[in-house]
file upload_9.cif (mmCIF, C-alpha atoms)
data_input
#
loop_
_atom_site.group_PDB
_atom_site.id
_atom_site.type_symbol
_atom_site.label_atom_id
_atom_site.label_comp_id
_atom_site.auth_asym_id
_atom_site.auth_seq_id
_atom_site.Cartn_x
_atom_site.Cartn_y
_atom_site.Cartn_z
ATOM 1 C CA MET L 1 -8.299 -10.803 -11.679
ATOM 2 C CA ALA L 2 -7.058 -10.909 -8.093
ATOM 3 C CA LYS L 3 -9.755 -10.117 -5.552
ATOM 4 C CA TYR L 4 -9.307 -6.649 -4.068
ATOM 5 C CA GLU L 5 -8.029 -7.158 -0.536
ATOM 6 C CA PRO L 6 -8.321 -4.016 1.548
ATOM 7 C CA ASN L 7 -5.660 -3.504 4.208
ATOM 8 C CA LEU L 8 -8.085 -3.213 7.124
ATOM 9 C CA SER L 9 -5.419 -2.215 9.660
ATOM 10 C CA LEU L 10 -4.325 0.761 7.526
ATOM 11 C CA ILE L 11 -7.929 1.705 6.682
ATOM 12 C CA PHE L 12 -9.221 1.673 10.262
ATOM 13 C CA GLN L 13 -6.086 3.484 11.475
ATOM 14 C CA ALA L 14 -6.689 6.171 8.828
ATOM 15 C CA LEU L 15 -10.376 6.488 9.787
ATOM 16 C CA SER L 16 -9.627 6.773 13.526
ATOM 17 C CA ASP L 17 -8.732 10.465 13.223
ATOM 18 C CA PRO L 18 -11.512 13.115 13.088
ATOM 19 C CA THR L 19 -9.450 15.446 10.848
ATOM 20 C CA ARG L 20 -8.985 12.667 8.297
ATOM 21 C CA ARG L 21 -12.686 11.765 8.479
ATOM 22 C CA ALA L 22 -13.566 15.419 7.847
ATOM 23 C CA MET L 23 -11.210 15.444 4.837
ATOM 24 C CA LEU L 24 -12.894 12.328 3.444
ATOM 25 C CA ALA L 25 -16.328 13.878 3.923
ATOM 26 C CA ARG L 26 -15.125 16.994 2.084
ATOM 27 C CA LEU L 27 -14.222 14.819 -0.925
ATOM 28 C CA GLY L 28 -17.911 14.013 -1.329
ATOM 29 C CA GLN L 29 -18.043 17.236 -3.295
ATOM 30 C CA GLY L 30 -15.563 15.848 -5.811
ATOM 31 C CA ALA L 31 -11.820 16.066 -6.522
ATOM 32 C CA VAL L 32 -10.324 18.904 -4.519
ATOM 33 C CA PRO L 33 -6.862 20.541 -4.519
ATOM 34 C CA VAL L 34 -4.771 19.903 -1.393
ATOM 35 C CA SER L 35 -4.842 23.614 -0.553
ATOM 36 C CA GLU L 36 -8.660 23.566 -0.381
ATOM 37 C CA LEU L 37 -8.685 20.466 1.808
ATOM 38 C CA ALA L 38 -6.164 22.169 4.097
ATOM 39 C CA ARG L 39 -8.037 25.480 4.518
ATOM 40 C CA PRO L 40 -10.953 24.424 6.833
ATOM 41 C CA THR L 41 -8.596 22.381 9.048
ATOM 42 C CA GLY L 42 -6.486 25.391 10.011
ATOM 43 C CA LEU L 43 -3.486 23.029 10.049
ATOM 44 C CA ALA L 44 -0.033 23.678 8.603
ATOM 45 C CA LEU L 45 0.487 22.217 5.137
ATOM 46 C CA PRO L 46 3.065 19.583 6.250
ATOM 47 C CA THR L 47 0.549 18.267 8.806
ATOM 48 C CA VAL L 48 -2.162 18.148 6.139
ATOM 49 C CA MET L 49 0.213 16.304 3.795
ATOM 50 C CA ARG L 50 0.900 13.718 6.507
ATOM 51 C CA HIS L 51 -2.851 13.144 6.993
ATOM 52 C CA LEU L 52 -3.313 12.796 3.224
ATOM 53 C CA ALA L 53 -0.414 10.331 3.024
ATOM 54 C CA VAL L 54 -2.125 8.158 5.659
ATOM 55 C CA LEU L 55 -5.402 8.267 3.689
ATOM 56 C CA GLU L 56 -3.617 7.502 0.417
ATOM 57 C CA GLU L 57 -1.629 4.610 1.878
ATOM 58 C CA ALA L 58 -4.923 3.100 3.075
ATOM 59 C CA ASP L 59 -6.261 3.545 -0.481
ATOM 60 C CA LEU L 60 -9.109 5.730 0.809
ATOM 61 C CA ILE L 61 -8.087 8.561 -1.511
ATOM 62 C CA ALA L 62 -6.072 8.958 -4.694
ATOM 63 C CA THR L 63 -3.964 12.023 -5.446
ATOM 64 C CA GLU L 64 -2.767 13.246 -8.808
ATOM 65 C CA LYS L 65 -0.494 16.125 -9.695
ATOM 66 C CA THR L 66 -1.780 18.389 -12.470
ATOM 67 C CA GLY L 67 0.704 21.145 -13.200
ATOM 68 C CA ARG L 68 1.480 22.742 -9.835
ATOM 69 C CA THR L 69 -1.713 21.500 -8.173
ATOM 70 C CA ARG L 70 -2.135 18.179 -6.378
ATOM 71 C CA MET L 71 -5.748 17.008 -6.645
ATOM 72 C CA CYS L 72 -7.308 14.557 -4.147
ATOM 73 C CA SER L 73 -10.265 12.305 -4.858
ATOM 74 C CA ALA L 74 -12.171 9.659 -2.914
ATOM 75 C CA ARG L 75 -11.934 5.918 -3.604
ATOM 76 C CA PRO L 76 -15.430 4.612 -2.725
ATOM 77 C CA GLU L 77 -14.444 0.995 -3.477
ATOM 78 C CA THR L 78 -12.216 0.961 -0.373
ATOM 79 C CA LEU L 79 -15.082 2.151 1.828
ATOM 80 C CA ALA L 80 -17.311 -0.463 0.188
ATOM 81 C CA ALA L 81 -14.825 -3.245 1.017
ATOM 82 C CA THR L 82 -14.586 -2.003 4.610
ATOM 83 C CA GLU L 83 -18.381 -1.912 4.948
ATOM 84 C CA GLY L 84 -18.337 -5.468 3.596
ATOM 85 C CA TRP L 85 -16.051 -6.643 6.376
ATOM 86 C CA LEU L 86 -18.190 -4.977 9.079
ATOM 87 C CA ALA L 87 -21.407 -6.365 7.581
ATOM 88 C CA GLN L 88 -19.904 -9.864 7.474
ATOM 89 C CA GLN L 89 -18.974 -9.762 11.184
ATOM 90 C CA ARG L 90 -22.398 -8.442 12.095
ATOM 91 C CA ALA L 91 -24.170 -11.080 9.998
ATOM 92 C CA VAL L 92 -22.375 -13.846 11.919
ATOM 93 C CA TRP L 93 -23.278 -12.265 15.285
ATOM 94 C CA GLU L 94 -26.887 -11.703 14.322
ATOM 95 C CA ALA L 95 -27.334 -15.168 12.781
ATOM 96 C CA ARG L 96 -26.180 -16.593 16.096
ATOM 97 C CA THR L 97 -28.683 -14.451 18.030
ATOM 98 C CA ASP L 98 -31.454 -15.598 15.663
ATOM 99 C CA ARG L 99 -30.521 -19.268 16.169
ATOM 100 C CA LEU L 100 -30.533 -18.687 19.927
ATOM 101 C CA GLU L 101 -33.987 -17.104 19.720
ATOM 102 C CA ASP L 102 -35.279 -20.048 17.660
ATOM 103 C CA TYR L 103 -33.912 -22.443 20.261
ATOM 104 C CA VAL L 104 -35.534 -20.545 23.148
ATOM 105 C CA MET L 105 -38.861 -20.483 21.249
ATOM 106 C CA GLN L 106 -38.551 -24.228 20.716
ATOM 107 C CA LEU L 107 -37.912 -24.810 24.438
ATOM 108 C CA MET L 108 -40.907 -22.626 25.354
ATOM 109 C CA LYS L 109 -43.168 -24.608 22.983
ATOM 110 C CA GLU L 110 -42.003 -27.903 24.450
ATOM 111 C CA ARG L 111 -42.876 -26.705 27.960
ATOM 112 C CA GLN L 112 -46.467 -25.827 27.010
ATOM 113 C CA MET M 1 -34.551 8.639 23.688
ATOM 114 C CA ALA M 2 -31.186 10.144 22.739
ATOM 115 C CA LYS M 3 -29.883 8.946 19.376
ATOM 116 C CA TYR M 4 -27.038 6.469 19.791
ATOM 117 C CA GLU M 5 -23.856 8.297 18.803
ATOM 118 C CA PRO M 6 -20.964 5.936 18.223
ATOM 119 C CA ASN M 7 -17.510 7.275 19.087
ATOM 120 C CA LEU M 8 -16.003 6.689 15.636
ATOM 121 C CA SER M 9 -12.449 7.588 16.687
ATOM 122 C CA LEU M 10 -12.461 4.947 19.440
ATOM 123 C CA ILE M 11 -14.196 2.385 17.214
ATOM 124 C CA PHE M 12 -11.831 2.738 14.247
ATOM 125 C CA GLN M 13 -8.820 2.790 16.589
ATOM 126 C CA ALA M 14 -10.065 -0.454 18.165
ATOM 127 C CA LEU M 15 -10.642 -2.071 14.747
ATOM 128 C CA SER M 16 -7.189 -1.082 13.443
ATOM 129 C CA ASP M 17 -5.492 -3.975 15.221
ATOM 130 C CA PRO M 18 -5.600 -7.506 13.699
ATOM 131 C CA THR M 19 -5.572 -9.207 17.128
ATOM 132 C CA ARG M 20 -8.627 -7.212 18.179
ATOM 133 C CA ARG M 21 -10.374 -7.954 14.854
ATOM 134 C CA ALA M 22 -9.685 -11.674 15.385
ATOM 135 C CA MET M 23 -11.139 -11.431 18.911
ATOM 136 C CA LEU M 24 -14.288 -9.781 17.529
ATOM 137 C CA ALA M 25 -14.624 -12.477 14.865
ATOM 138 C CA ARG M 26 -14.302 -15.132 17.585
ATOM 139 C CA LEU M 27 -17.300 -13.590 19.386
ATOM 140 C CA GLY M 28 -19.456 -14.557 16.409
ATOM 141 C CA GLN M 29 -19.713 -17.909 18.141
ATOM 142 C CA GLY M 30 -21.343 -16.278 21.158
ATOM 143 C CA ALA M 31 -20.329 -15.027 24.610
ATOM 144 C CA VAL M 32 -16.893 -16.371 25.461
ATOM 145 C CA PRO M 33 -14.806 -16.327 28.665
ATOM 146 C CA VAL M 34 -11.695 -14.112 28.529
ATOM 147 C CA SER M 35 -9.458 -17.181 28.932
ATOM 148 C CA GLU M 36 -10.888 -18.713 25.732
ATOM 149 C CA LEU M 37 -10.447 -15.480 23.787
ATOM 150 C CA ALA M 38 -6.856 -15.323 25.016
ATOM 151 C CA ARG M 39 -5.846 -18.896 24.102
ATOM 152 C CA PRO M 40 -5.610 -18.654 20.252
ATOM 153 C CA THR M 41 -3.735 -15.329 20.465
ATOM 154 C CA GLY M 42 -0.814 -16.822 22.421
ATOM 155 C CA LEU M 43 -0.584 -13.477 24.247
ATOM 156 C CA ALA M 44 -0.084 -12.917 27.969
ATOM 157 C CA LEU M 45 -3.312 -12.284 29.882
ATOM 158 C CA PRO M 46 -2.495 -8.622 30.734
ATOM 159 C CA THR M 47 -2.005 -7.921 26.992
ATOM 160 C CA VAL M 48 -5.309 -9.620 26.191
ATOM 161 C CA MET M 49 -7.028 -7.592 28.920
ATOM 162 C CA ARG M 50 -5.657 -4.366 27.397
ATOM 163 C CA HIS M 51 -7.034 -5.349 23.959
ATOM 164 C CA LEU M 52 -10.413 -6.165 25.505
ATOM 165 C CA ALA M 53 -10.451 -2.834 27.371
ATOM 166 C CA VAL M 54 -9.943 -1.021 24.035
ATOM 167 C CA LEU M 55 -12.814 -3.005 22.454
ATOM 168 C CA GLU M 56 -15.055 -2.388 25.460
ATOM 169 C CA GLU M 57 -14.309 1.345 25.589
ATOM 170 C CA ALA M 58 -15.319 1.558 21.918
ATOM 171 C CA ASP M 59 -18.549 -0.274 22.845
ATOM 172 C CA LEU M 60 -17.725 -3.069 20.380
ATOM 173 C CA ILE M 61 -17.978 -5.676 23.138
ATOM 174 C CA ALA M 62 -19.566 -5.954 26.550
ATOM 175 C CA THR M 63 -18.016 -7.909 29.412
ATOM 176 C CA GLU M 64 -19.732 -9.295 32.473
ATOM 177 C CA LYS M 65 -18.315 -11.049 35.503
ATOM 178 C CA THR M 66 -20.111 -14.253 36.487
ATOM 179 C CA GLY M 67 -18.511 -15.767 39.580
ATOM 180 C CA ARG M 68 -14.797 -15.999 38.790
ATOM 181 C CA THR M 69 -15.280 -15.867 35.012
ATOM 182 C CA ARG M 70 -15.417 -12.701 32.907
ATOM 183 C CA MET M 71 -17.578 -13.295 29.830
ATOM 184 C CA CYS M 72 -17.233 -11.209 26.635
ATOM 185 C CA SER M 73 -19.963 -10.687 24.068
ATOM 186 C CA ALA M 74 -20.292 -8.722 20.834
ATOM 187 C CA ARG M 75 -22.356 -5.525 20.488
ATOM 188 C CA PRO M 76 -23.603 -5.657 16.863
ATOM 189 C CA GLU M 77 -25.351 -2.259 17.174
ATOM 190 C CA THR M 78 -21.960 -0.525 17.323
ATOM 191 C CA LEU M 79 -20.842 -2.224 14.098
ATOM 192 C CA ALA M 80 -24.177 -1.301 12.540
ATOM 193 C CA ALA M 81 -23.684 2.371 13.431
ATOM 194 C CA THR M 82 -20.143 2.272 12.004
ATOM 195 C CA GLU M 83 -21.370 0.671 8.779
ATOM 196 C CA GLY M 84 -23.970 3.446 8.674
ATOM 197 C CA TRP M 85 -21.288 6.134 8.734
ATOM 198 C CA LEU M 86 -19.268 4.431 5.964
ATOM 199 C CA ALA M 87 -22.368 3.904 3.830
ATOM 200 C CA GLN M 88 -23.325 7.560 4.244
ATOM 201 C CA GLN M 89 -19.906 8.774 3.031
ATOM 202 C CA ARG M 90 -20.007 6.386 0.107
ATOM 203 C CA ALA M 91 -23.539 7.420 -0.842
ATOM 204 C CA VAL M 92 -22.424 11.063 -1.099
ATOM 205 C CA TRP M 93 -19.414 10.116 -3.248
ATOM 206 C CA GLU M 94 -21.430 7.862 -5.503
ATOM 207 C CA ALA M 95 -24.309 10.309 -5.897
ATOM 208 C CA ARG M 96 -21.768 12.852 -7.091
ATOM 209 C CA THR M 97 -20.305 10.387 -9.611
ATOM 210 C CA ASP M 98 -23.825 9.634 -10.872
ATOM 211 C CA ARG M 99 -24.604 13.338 -11.298
ATOM 212 C CA LEU M 100 -21.309 13.752 -13.163
ATOM 213 C CA GLU M 101 -22.203 10.844 -15.463
ATOM 214 C CA ASP M 102 -25.640 12.348 -16.137
ATOM 215 C CA TYR M 103 -23.998 15.653 -17.012
ATOM 216 C CA VAL M 104 -21.505 14.018 -19.392
ATOM 217 C CA MET M 105 -24.334 12.074 -21.061
ATOM 218 C CA GLN M 106 -26.244 15.353 -21.467
ATOM 219 C CA LEU M 107 -23.206 17.051 -23.051
ATOM 220 C CA MET M 108 -22.736 14.112 -25.424
ATOM 221 C CA LYS M 109 -26.391 14.297 -26.498
ATOM 222 C CA GLU M 110 -26.124 18.035 -27.128
ATOM 223 C CA ARG M 111 -23.118 17.495 -29.424
ATOM 224 C CA GLN M 112 -24.968 14.978 -31.602
#
call {"tool": "encode", "arguments": {"input": "upload_9.cif", "output": "structure tokens"}}
result
Amino acid sequence: MAKYEPNLSLIFQALSDPTRRAMLARLGQGAVPVSELARPTGLALPTVMRHLAVLEEADLIATEKTGRTRMCSARPETLAATEGWLAQQRAVWEARTDRLEDYVMQLMKERQ
Amino acid sequence: MAKYEPNLSLIFQALSDPTRRAMLARLGQGAVPVSELARPTGLALPTVMRHLAVLEEADLIATEKTGRTRMCSARPETLAATEGWLAQQRAVWEARTDRLEDYVMQLMKERQ
């Protein structure tokens, strides 16, 4: 099976908007019809649909049409992959800081 | 002490660009002069400076002028805070899925 490769540019672009982040947070309560996601935003439906398209293209949500209702649901695996990327960067930075600390400790010991 | 509140819109906007992500990854090797960050990108210095300004405004890097050299370094605490936000969203989604699974298991037991 091919490793899941998140499109980080699309994901971070999608997450950079507070309305889209609020929509994602709302999906913590489960699959939700588009109309319900739209209501608290106070935005026109076409604007909401554009935000949802950005989230769906980034694979942060999935949408499915059931009868006349389009349901939205979260895709936690995409957030997990994004967290993975951030954690990896941070691990490299922090490992370097640790090595630097070890080196400074070593120098201090040698001076004693 | 005030809780550190990352500006998620600025952070995700900064991370949405592959050149800026590559610059961040490069800083895993430690503080680096701007000229060295610029070299592998093949970009003109003003373009590089604009990318660095976006990263600095999002608090993902710090820069410091030493003599004629501007040094850039990573700020892992900003990545940590961003990971925290992602993990929090995911935890809510996953907790819901777990509760749903429990409920389905309960229904299945009741039918036996």
call {"tool": "calpha_fit_and_write", "arguments": {"input": "upload_9.cif", "fixed": "chain L", "moving": "chain M", "output": "PDB file with C-alpha atoms, in the coordinates of the input"}}
result
ATOM      1  CA  MET M   1      -8.231 -10.827 -11.711  1.00  0.00           C
ATOM      2  CA  ALA M   2      -7.001 -10.936  -8.110  1.00  0.00           C
ATOM      3  CA  LYS M   3      -9.708 -10.163  -5.558  1.00  0.00           C
ATOM      4  CA  TYR M   4      -9.278  -6.692  -4.085  1.00  0.00           C
ATOM      5  CA  GLU M   5      -8.015  -7.171  -0.533  1.00  0.00           C
ATOM      6  CA  PRO M   6      -8.323  -4.025   1.537  1.00  0.00           C
ATOM      7  CA  ASN M   7      -5.658  -3.507   4.202  1.00  0.00           C
ATOM      8  CA  LEU M   8      -8.094  -3.202   7.118  1.00  0.00           C
ATOM      9  CA  SER M   9      -5.425  -2.212   9.656  1.00  0.00           C
ATOM     10  CA  LEU M  10      -4.326   0.758   7.529  1.00  0.00           C
ATOM     11  CA  ILE M  11      -7.920   1.703   6.681  1.00  0.00           C
ATOM     12  CA  PHE M  12      -9.217   1.675  10.264  1.00  0.00           C
ATOM     13  CA  GLN M  13      -6.083   3.488  11.466  1.00  0.00           C
ATOM     14  CA  ALA M  14      -6.691   6.169   8.820  1.00  0.00           C
ATOM     15  CA  LEU M  15     -10.380   6.492   9.777  1.00  0.00           C
ATOM     16  CA  SER M  16      -9.621   6.782  13.511  1.00  0.00           C
ATOM     17  CA  ASP M  17      -8.728  10.461  13.226  1.00  0.00           C
ATOM     18  CA  PRO M  18     -11.508  13.116  13.081  1.00  0.00           C
ATOM     19  CA  THR M  19      -9.444  15.450  10.858  1.00  0.00           C
ATOM     20  CA  ARG M  20      -8.977  12.669   8.315  1.00  0.00           C
ATOM     21  CA  ARG M  21     -12.691  11.755   8.490  1.00  0.00           C
ATOM     22  CA  ALA M  22     -13.567  15.418   7.850  1.00  0.00           C
ATOM     23  CA  MET M  23     -11.195  15.452   4.854  1.00  0.00           C
ATOM     24  CA  LEU M  24     -12.883  12.335   3.447  1.00  0.00           C
ATOM     25  CA  ALA M  25     -16.324  13.885   3.931  1.00  0.00           C
ATOM     26  CA  ARG M  26     -15.122  17.002   2.089  1.00  0.00           C
ATOM     27  CA  LEU M  27     -14.217  14.823  -0.918  1.00  0.00           C
ATOM     28  CA  GLY M  28     -17.910  14.016  -1.315  1.00  0.00           C
ATOM     29  CA  GLN M  29     -18.038  17.250  -3.271  1.00  0.00           C
ATOM     30  CA  GLY M  30     -15.559  15.876  -5.797  1.00  0.00           C
ATOM     31  CA  ALA M  31     -11.822  16.066  -6.508  1.00  0.00           C
ATOM     32  CA  VAL M  32     -10.318  18.910  -4.511  1.00  0.00           C
ATOM     33  CA  PRO M  33      -6.862  20.547  -4.518  1.00  0.00           C
ATOM     34  CA  VAL M  34      -4.773  19.911  -1.382  1.00  0.00           C
ATOM     35  CA  SER M  35      -4.851  23.635  -0.541  1.00  0.00           C
ATOM     36  CA  GLU M  36      -8.671  23.574  -0.370  1.00  0.00           C
ATOM     37  CA  LEU M  37      -8.692  20.470   1.819  1.00  0.00           C
ATOM     38  CA  ALA M  38      -6.180  22.165   4.110  1.00  0.00           C
ATOM     39  CA  ARG M  39      -8.034  25.482   4.536  1.00  0.00           C
ATOM     40  CA  PRO M  40     -10.953  24.427   6.839  1.00  0.00           C
ATOM     41  CA  THR M  41      -8.608  22.383   9.061  1.00  0.00           C
ATOM     42  CA  GLY M  42      -6.480  25.408  10.016  1.00  0.00           C
ATOM     43  CA  LEU M  43      -3.484  23.041  10.052  1.00  0.00           C
ATOM     44  CA  ALA M  44      -0.030  23.681   8.611  1.00  0.00           C
ATOM     45  CA  LEU M  45       0.485  22.223   5.133  1.00  0.00           C
ATOM     46  CA  PRO M  46       3.064  19.592   6.241  1.00  0.00           C
ATOM     47  CA  THR M  47       0.531  18.272   8.805  1.00  0.00           C
ATOM     48  CA  VAL M  48      -2.175  18.147   6.139  1.00  0.00           C
ATOM     49  CA  MET M  49       0.204  16.318   3.792  1.00  0.00           C
ATOM     50  CA  ARG M  50       0.898  13.720   6.507  1.00  0.00           C
ATOM     51  CA  HIS M  51      -2.860  13.145   6.982  1.00  0.00           C
ATOM     52  CA  LEU M  52      -3.320  12.795   3.222  1.00  0.00           C
ATOM     53  CA  ALA M  53      -0.406  10.337   3.016  1.00  0.00           C
ATOM     54  CA  VAL M  54      -2.130   8.156   5.651  1.00  0.00           C
ATOM     55  CA  LEU M  55      -5.414   8.272   3.682  1.00  0.00           C
ATOM     56  CA  GLU M  56      -3.622   7.517   0.417  1.00  0.00           C
ATOM     57  CA  GLU M  57      -1.627   4.616   1.870  1.00  0.00           C
ATOM     58  CA  ALA M  58      -4.916   3.099   3.061  1.00  0.00           C
ATOM     59  CA  ASP M  59      -6.250   3.546  -0.498  1.00  0.00           C
ATOM     60  CA  LEU M  60      -9.103   5.726   0.795  1.00  0.00           C
ATOM     61  CA  ILE M  61      -8.082   8.565  -1.521  1.00  0.00           C
ATOM     62  CA  ALA M  62      -6.079   8.968  -4.693  1.00  0.00           C
ATOM     63  CA  THR M  63      -3.968  12.033  -5.445  1.00  0.00           C
ATOM     64  CA  GLU M  64      -2.773  13.260  -8.806  1.00  0.00           C
ATOM     65  CA  LYS M  65      -0.494  16.135  -9.705  1.00  0.00           C
ATOM     66  CA  THR M  66      -1.787  18.401 -12.472  1.00  0.00           C
ATOM     67  CA  GLY M  67       0.719  21.160 -13.197  1.00  0.00           C
ATOM     68  CA  ARG M  68       1.480  22.751  -9.826  1.00  0.00           C
ATOM     69  CA  THR M  69      -1.718  21.503  -8.171  1.00  0.00           C
ATOM     70  CA  ARG M  70      -2.130  18.171  -6.382  1.00  0.00           C
ATOM     71  CA  MET M  71      -5.747  17.012  -6.637  1.00  0.00           C
ATOM     72  CA  CYS M  72      -7.306  14.558  -4.142  1.00  0.00           C
ATOM     73  CA  SER M  73     -10.265  12.310  -4.856  1.00  0.00           C
ATOM     74  CA  ALA M  74     -12.179   9.665  -2.915  1.00  0.00           C
ATOM     75  CA  ARG M  75     -11.931   5.917  -3.616  1.00  0.00           C
ATOM     76  CA  PRO M  76     -15.426   4.611  -2.726  1.00  0.00           C
ATOM     77  CA  GLU M  77     -14.433   0.984  -3.471  1.00  0.00           C
ATOM     78  CA  THR M  78     -12.205   0.955  -0.378  1.00  0.00           C
ATOM     79  CA  LEU M  79     -15.089   2.119   1.828  1.00  0.00           C
ATOM     80  CA  ALA M  80     -17.303  -0.488   0.185  1.00  0.00           C
ATOM     81  CA  ALA M  81     -14.819  -3.256   1.012  1.00  0.00           C
ATOM     82  CA  THR M  82     -14.587  -2.012   4.615  1.00  0.00           C
ATOM     83  CA  GLU M  83     -18.376  -1.932   4.947  1.00  0.00           C
ATOM     84  CA  GLY M  84     -18.329  -5.482   3.581  1.00  0.00           C
ATOM     85  CA  TRP M  85     -16.053  -6.665   6.381  1.00  0.00           C
ATOM     86  CA  LEU M  86     -18.205  -5.001   9.074  1.00  0.00           C
ATOM     87  CA  ALA M  87     -21.409  -6.387   7.572  1.00  0.00           C
ATOM     88  CA  GLN M  88     -19.904  -9.877   7.476  1.00  0.00           C
ATOM     89  CA  GLN M  89     -18.989  -9.775  11.189  1.00  0.00           C
ATOM     90  CA  ARG M  90     -22.414  -8.456  12.078  1.00  0.00           C
ATOM     91  CA  ALA M  91     -24.168 -11.095   9.979  1.00  0.00           C
ATOM     92  CA  VAL M  92     -22.374 -13.855  11.914  1.00  0.00           C
ATOM     93  CA  TRP M  93     -23.303 -12.275  15.264  1.00  0.00           C
ATOM     94  CA  GLU M  94     -26.902 -11.725  14.279  1.00  0.00           C
ATOM     95  CA  ALA M  95     -27.342 -15.179  12.760  1.00  0.00           C
ATOM     96  CA  ARG M  96     -26.200 -16.604  16.079  1.00  0.00           C
ATOM     97  CA  THR M  97     -28.699 -14.453  18.000  1.00  0.00           C
ATOM     98  CA  ASP M  98     -31.462 -15.606  15.637  1.00  0.00           C
ATOM     99  CA  ARG M  99     -30.544 -19.268  16.145  1.00  0.00           C
ATOM    100  CA  LEU M 100     -30.548 -18.682  19.908  1.00  0.00           C
ATOM    101  CA  GLU M 101     -34.010 -17.096  19.695  1.00  0.00           C
ATOM    102  CA  ASP M 102     -35.302 -20.035  17.642  1.00  0.00           C
ATOM    103  CA  TYR M 103     -33.941 -22.428  20.250  1.00  0.00           C
ATOM    104  CA  VAL M 104     -35.558 -20.527  23.135  1.00  0.00           C
ATOM    105  CA  MET M 105     -38.879 -20.449  21.256  1.00  0.00           C
ATOM    106  CA  GLN M 106     -38.582 -24.218  20.732  1.00  0.00           C
ATOM    107  CA  LEU M 107     -37.916 -24.791  24.454  1.00  0.00           C
ATOM    108  CA  MET M 108     -40.899 -22.614  25.376  1.00  0.00           C
ATOM    109  CA  LYS M 109     -43.165 -24.596  23.035  1.00  0.00           C
ATOM    110  CA  GLU M 110     -41.976 -27.892  24.506  1.00  0.00           C
ATOM    111  CA  ARG M 111     -42.851 -26.704  28.031  1.00  0.00           C
ATOM    112  CA  GLN M 112     -46.434 -25.835  27.075  1.00  0.00           C
TER     113      GLN M 112
END
call {"tool": "residues_around", "arguments": {"input": "upload_9.cif", "residues": "Glu94 (chain M)", "least_positions_apart": "6", "cutoff": "12 Å", "atoms": "all atoms listed in the file", "output": "ChimeraX atom specification"}}
result
/L:27-30,74-77,79-80 /M:87-88,100-101
call {"tool": "atom_distance", "arguments": {"input": "upload_9.cif", "atom1": "CA of Gly84 (chain M)", "atom2": "CA of Ala58 (chain L)"}}
result
19.9 Å
call {"tool": "closest_residue", "arguments": {"input": "upload_9.cif", "among": "L:Leu8, L:Val54, L:Leu60, L:Ala95", "to": "Arg21 (chain M)", "atoms": "all atoms listed in the file"}}
result
L:Leu8
call {"tool": "residues_near_point", "arguments": {"input": "upload_9.cif", "point": "(-2.3, 19.8, 5.2)", "cutoff": "12 Å", "atoms": "all atoms listed in the file", "output": "short mmCIF file (atom, residue, chain, number, x, y, z; two decimals) with C-alpha atoms, in the coordinates of the input"}}
result
data_model
loop_
_atom_site.label_atom_id
_atom_site.label_comp_id
_atom_site.auth_asym_id
_atom_site.auth_seq_id
_atom_site.Cartn_x
_atom_site.Cartn_y
_atom_site.Cartn_z
CA THR L 19 -9.45 15.45 10.85
CA ARG L 20 -8.98 12.67 8.30
CA MET L 23 -11.21 15.44 4.84
CA PRO L 33 -6.86 20.54 -4.52
CA VAL L 34 -4.77 19.90 -1.39
CA SER L 35 -4.84 23.61 -0.55
CA GLU L 36 -8.66 23.57 -0.38
CA LEU L 37 -8.68 20.47 1.81
CA ALA L 38 -6.16 22.17 4.10
CA ARG L 39 -8.04 25.48 4.52
CA PRO L 40 -10.95 24.42 6.83
CA THR L 41 -8.60 22.38 9.05
CA GLY L 42 -6.49 25.39 10.01
CA LEU L 43 -3.49 23.03 10.05
CA ALA L 44 -0.03 23.68 8.60
CA LEU L 45 0.49 22.22 5.14
CA PRO L 46 3.06 19.58 6.25
CA THR L 47 0.55 18.27 8.81
CA VAL L 48 -2.16 18.15 6.14
CA MET L 49 0.21 16.30 3.80
CA ARG L 50 0.90 13.72 6.51
CA HIS L 51 -2.85 13.14 6.99
CA LEU L 52 -3.31 12.80 3.22
CA ALA L 53 -0.41 10.33 3.02
CA VAL L 54 -2.12 8.16 5.66
CA ARG L 70 -2.13 18.18 -6.38
CA CYS L 72 -7.31 14.56 -4.15
#
call {"tool": "residues_near_point", "arguments": {"input": "upload_9.cif", "point": "(-10.1, -5.5, -1.2)", "cutoff": "9 Å", "atoms": "all atoms listed in the file", "output": "MDAnalysis selection string"}}
result
chainID L and resid 3:8 77:78 80:82
call {"tool": "atom_distance", "arguments": {"input": "upload_9.cif", "atom1": "CA of Asp17 (chain M)", "atom2": "CA of Ala22 (chain L)"}}
result
22.3 Å
call {"tool": "atom_distance", "arguments": {"input": "upload_9.cif", "atom1": "CA of Phe12 (chain L)", "atom2": "CA of Gln89 (chain L)"}}
result
15.1 Å
call {"tool": "closest_residue", "arguments": {"input": "upload_9.cif", "among": "L:Glu110, L:Glu56, L:Glu83, L:Asp102", "to": "chain M", "atoms": "only C-alpha atoms"}}
result
L:Glu83
call {"tool": "closest_residue", "arguments": {"input": "upload_9.cif", "among": "M:Ala31, M:Leu86, M:Trp93, M:Leu107", "to": "Thr66 (chain M)", "atoms": "all atoms listed in the file"}}
result
M:Ala31
call {"tool": "closest_residue", "arguments": {"input": "upload_9.cif", "among": "L:Ile11, L:Ala62, L:Val32, L:Leu55", "to": "chain M", "atoms": "all atoms listed in the file"}}
result
L:Ile11
call {"tool": "closest_residue", "arguments": {"input": "upload_9.cif", "among": "M:Ser16, M:Glu64, M:Lys109, M:Arg99", "to": "chain L", "atoms": "only C-alpha atoms"}}
result
M:Ser16
call {"tool": "axis_aligned_box", "arguments": {"input": "upload_9.cif", "around": "region 71-86 of chain M", "padding_each_side": "6 Å", "output": "AutoDock Vina command-line options"}}
result
--center_x -21.3 --center_y -3.6 --center_z 17.9 --size_x 20.1 --size_y 31.4 --size_z 35.9
call {"tool": "closest_residue", "arguments": {"input": "upload_9.cif", "among": "L:Met108, L:Leu24, L:Met71, L:Ile61", "to": "chain M", "atoms": "all atoms listed in the file"}}
result
L:Leu24
